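**Q** Starting off with a structure, shown below.
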Amino acid sequence: MALVMGDVSSAPPIVRIHSQCLTGDVFGSLRCDCRLQLELALRTIADAGAGILLYEQQEGRGIGLMPKLQAYALQDKGLDTVEANEELGFKADCRAFELPAEVLKLMGIVEVRLMTNNPEKVAALESAGIRVVERISSAVESQESFEKYLQVKRDKMGHLTDEVEAKSATFGAR
C-alpha cells in the first residue's frame, strides 16, 4: 500500500518503506521499535508536507505472522531475533525490497530521500534504479524493552541505530 501526501514529483520525496508489524503497529508490542518508527515516519512526512509511506506486507522480517509468534516463544527462551528466525529455518531477514522500488517507478519517482536505518533498503532501491539522494534516520529513542532488539539489528544486521551514527550517513550528490 502506498500512502501519498502532497506533491511528490517536484523534488525527491521522503519515502519510508515500512514492513507490516501487526504486533507492534497495531497492538503496541514493546519487543520492537516498529510502531515508533511508523509514527516517526508519518510525522516526518506530515511536517515536510509531502512524502510516501510504502506499507509492505512482510510481517516478521518476511517470515509471516505465525512463524513470528513462534520466534517470540524462542526469544522468551533466550534466543535473539536473528537466532530465533534461524532456529525456525529462516534467514535472519527474509524480506525483499524490489516491489517498493517498482511501485516508486510506476509513480514516476526516480530519486528519494529514504527514511531507514537498514542499508539493505538503500542498496535494493539503488540497484533497481531509484537514486537515494539522502538517507534520513528512522532511529527512535531506545526503550529497555527493546534495547537488545536494537543491538541485534545493529550488530548482526548492520542497521544504524544510534542517532549520531544515523545522522552521519547521508548520501548526497555522487
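Lettering and numbering for the C-alpha cells are positional, with chains as A, B, ... in the shown order, residues counted from 1 in each chain, and ligands counted from 1 in the shown order.
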With DSSP run on the backbone, what are the helix (DSSP H, G or I) residues within segment 87-167 of chain A? I'd like them as a compact mmCIF listing (two decimals) with C-alpha atoms, in the first residue's frame.

**A**
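Listing of result20.txt after writing:
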# COMPACT_ATOMS: atom_id res chain seq x y z
CA GLU A 87 16.26 -21.84 14.51
CA GLU A 98 12.16 -4.94 -5.21
CA LEU A 99 8.40 -4.36 -5.06
CA PRO A 100 8.68 -0.95 -3.36
CA ALA A 101 11.22 0.07 -5.99
CA GLU A 102 8.82 -0.94 -8.77
CA VAL A 103 5.96 0.94 -7.11
CA LEU A 104 8.12 4.07 -6.97
CA LYS A 105 8.99 3.66 -10.65
CA LEU A 106 5.30 3.31 -11.54
CA PRO A 119 21.40 -0.32 4.49
CA GLU A 120 19.77 -3.18 2.54
CA LYS A 121 16.81 -0.95 1.68
CA VAL A 122 19.15 1.68 0.29
CA ALA A 123 21.06 -0.91 -1.75
CA ALA A 124 17.86 -2.51 -3.07
CA LEU A 125 16.42 0.79 -4.30
CA GLU A 126 19.68 1.87 -5.89
CA SER A 127 20.18 -1.48 -7.63
CA GLU A 144 14.57 -1.05 27.90
CA SER A 145 12.00 -3.49 26.49
CA PHE A 146 13.58 -3.46 23.01
CA GLU A 147 17.17 -2.42 23.71
CA LYS A 148 18.53 -5.92 22.93
CA TYR A 149 16.44 -6.00 19.73
CA LEU A 150 18.14 -2.78 18.53
CA GLN A 151 21.58 -4.15 19.46
CA VAL A 152 20.95 -7.27 17.36
CA LYS A 153 19.77 -5.15 14.41
CA ARG A 154 22.96 -3.09 14.68
CA ASP A 155 25.48 -5.85 15.47
CA LYS A 156 24.14 -8.72 13.36
CA MET A 157 22.25 -6.95 10.57
CA GLU A 163 21.10 8.76 16.36
CA VAL A 164 24.61 10.19 15.85
CA GLU A 165 25.56 7.23 13.63
CA ALA A 166 22.29 7.53 11.70
CA LYS A 167 22.56 11.28 11.07

**Q** Can you check which residues of segment 62-146 of chain A DSSP gives as strand (DSSP E or B) on the backbone and send them as a list in words?

**A** Glu111, Val112, Arg113, Leu114, Met115, Arg131, Val132, Val133, Glu134, Arg135 and Ile136 of chain A

**Q** Leaving out Asp93 of chain A and any residue of its chain fewer than 3 positions from it, which residues lie within 12 Å of it when counting only C-alpha atoms, given as a PyMOL selection string?

**A** chain A and resi 19+58-64+68+81-86+89-90+96-97+118+120-121+153+156-158

**Q** Since we have the selection now, will you write its residues out, keeping C-alpha atoms, as a compact mmCIF listing (two decimals), in the first residue's frame?

**A**
# COMPACT_ATOMS: atom_id res chain seq x y z
CA SER A 19 7.24 -3.63 6.83
CA GLN A 58 6.31 -8.57 5.08
CA GLU A 59 5.41 -9.44 8.67
CA GLY A 60 8.21 -10.62 10.93
CA ARG A 61 11.05 -9.71 8.55
CA GLY A 62 9.21 -11.64 5.86
CA ILE A 63 8.55 -14.91 7.70
CA GLY A 64 4.86 -14.28 8.37
CA LYS A 68 6.98 -14.67 14.03
CA THR A 81 15.60 -12.27 16.87
CA VAL A 82 18.20 -13.49 14.36
CA GLU A 83 18.85 -16.74 16.24
CA ALA A 84 15.11 -17.41 16.58
CA ASN A 85 14.48 -16.94 12.85
CA GLU A 86 17.42 -19.20 12.00
CA GLY A 89 14.81 -22.48 9.34
CA PHE A 90 14.63 -18.92 8.02
CA ALA A 96 12.94 -8.25 -0.37
CA PHE A 97 12.57 -4.64 -1.44
CA ASN A 118 18.56 -0.50 7.05
CA GLU A 120 19.77 -3.18 2.54
CA LYS A 121 16.81 -0.95 1.68
CA LYS A 153 19.77 -5.15 14.41
CA LYS A 156 24.14 -8.72 13.36
CA MET A 157 22.25 -6.95 10.57
CA GLY A 158 24.26 -3.75 10.04

**Q** Rank nothing, just name the residue among A:Leu88, A:Ile17, A:Asp7, A:Cys32 nearest to Ala48 of chain A, using only C-alpha atoms.

**A** A:Asp7

**Q** Using only C-alpha atoms, which residue out of A:Ile52, A:Leu3, A:Ile14, A:Asp33 lies closest to Val140 of chain A?

**A**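 For Val140 of chain A, the nearest of the candidates is A:Asp33.
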
**Q** One decimal, in Å: what's the spacing between atom CA of Leu114 of chain A and atom CA of Val15 of chain A?

**A**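 That distance, rounded to one decimal, is 4.9 Å.
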
**Q** Go through A:Met115, A:Val110, A:Leu36, A:Cys21 and flag the residue nearest Leu69 of chain A, using only C-alpha atoms for the distances.

**A** A:Cys21

**Q** How many Å separate atom CA of Ala92 of chain A from atom CA of Met1 of chain A?

**A** 24.3 Å

**Q** Quote the spacing between atom CA of Arg113 of chain A and atom CA of Arg95 of chain A in Å to one decimal place.

**A**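 About the pair atom CA of Arg113 of chain A and atom CA of Arg95 of chain A: they are 20.6 Å apart.
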
**Q** Using only C-alpha atoms, pick whichever of A:Ile109, A:Ala139, A:Leu54, A:Ala128 has the shortest atom-to-atom distance to Cys34 of chain A.

**A**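 Smallest separation from Cys34 of chain A among the options: A:Ala139.
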
**Q** Determine, counting only C-alpha atoms, which protein, DNA and RNA residues have an atom within 8 Å of an atom of segment 41-43 of chain A; residues of the same chain fewer than 3 positions away are not included. Present the result as a PyMOL selection string.

**A** chain A and resi 16+37-38+46-47+53+115+138

**Q** Save out the residues we just selected, N, CA and C atoms, as a short mmCIF file (atom, residue, chain, number, x, y, z; two decimals), in the first residue's frame.

**A**
data_model
loop_
_atom_site.label_atom_id
_atom_site.label_comp_id
_atom_site.auth_asym_id
_atom_site.auth_seq_id
_atom_site.Cartn_x
_atom_site.Cartn_y
_atom_site.Cartn_z
N ARG A 16 9.32 6.25 3.14
CA ARG A 16 9.53 5.24 4.18
C ARG A 16 8.95 3.93 3.67
N GLN A 37 8.72 3.75 14.83
CA GLN A 37 9.26 4.15 13.53
C GLN A 37 8.14 4.55 12.57
N LEU A 38 7.03 3.83 12.60
CA LEU A 38 5.89 4.19 11.76
C LEU A 38 5.36 5.57 12.12
N ALA A 46 4.38 14.36 7.33
CA ALA A 46 3.41 15.44 7.57
C ALA A 46 4.11 16.78 7.77
N ASP A 47 5.19 16.78 8.54
CA ASP A 47 5.93 18.02 8.78
C ASP A 47 6.52 18.59 7.48
N LEU A 53 4.62 6.79 2.15
CA LEU A 53 4.80 5.66 3.04
C LEU A 53 4.38 4.42 2.26
N MET A 115 13.84 7.16 4.32
CA MET A 115 13.84 7.14 5.78
C MET A 115 14.01 5.69 6.24
N SER A 138 15.69 6.77 10.86
CA SER A 138 14.42 6.37 11.47
C SER A 138 14.67 5.88 12.89
#

**Q** Please determine, counting only C-alpha atoms, which residue among A:Val26, A:Met66, A:Ala50, A:Leu160 has the shortest atom-to-atom distance to Pro12 of chain A.

**A**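 The shortest atom-to-atom distance to Pro12 of chain A comes from A:Ala50.
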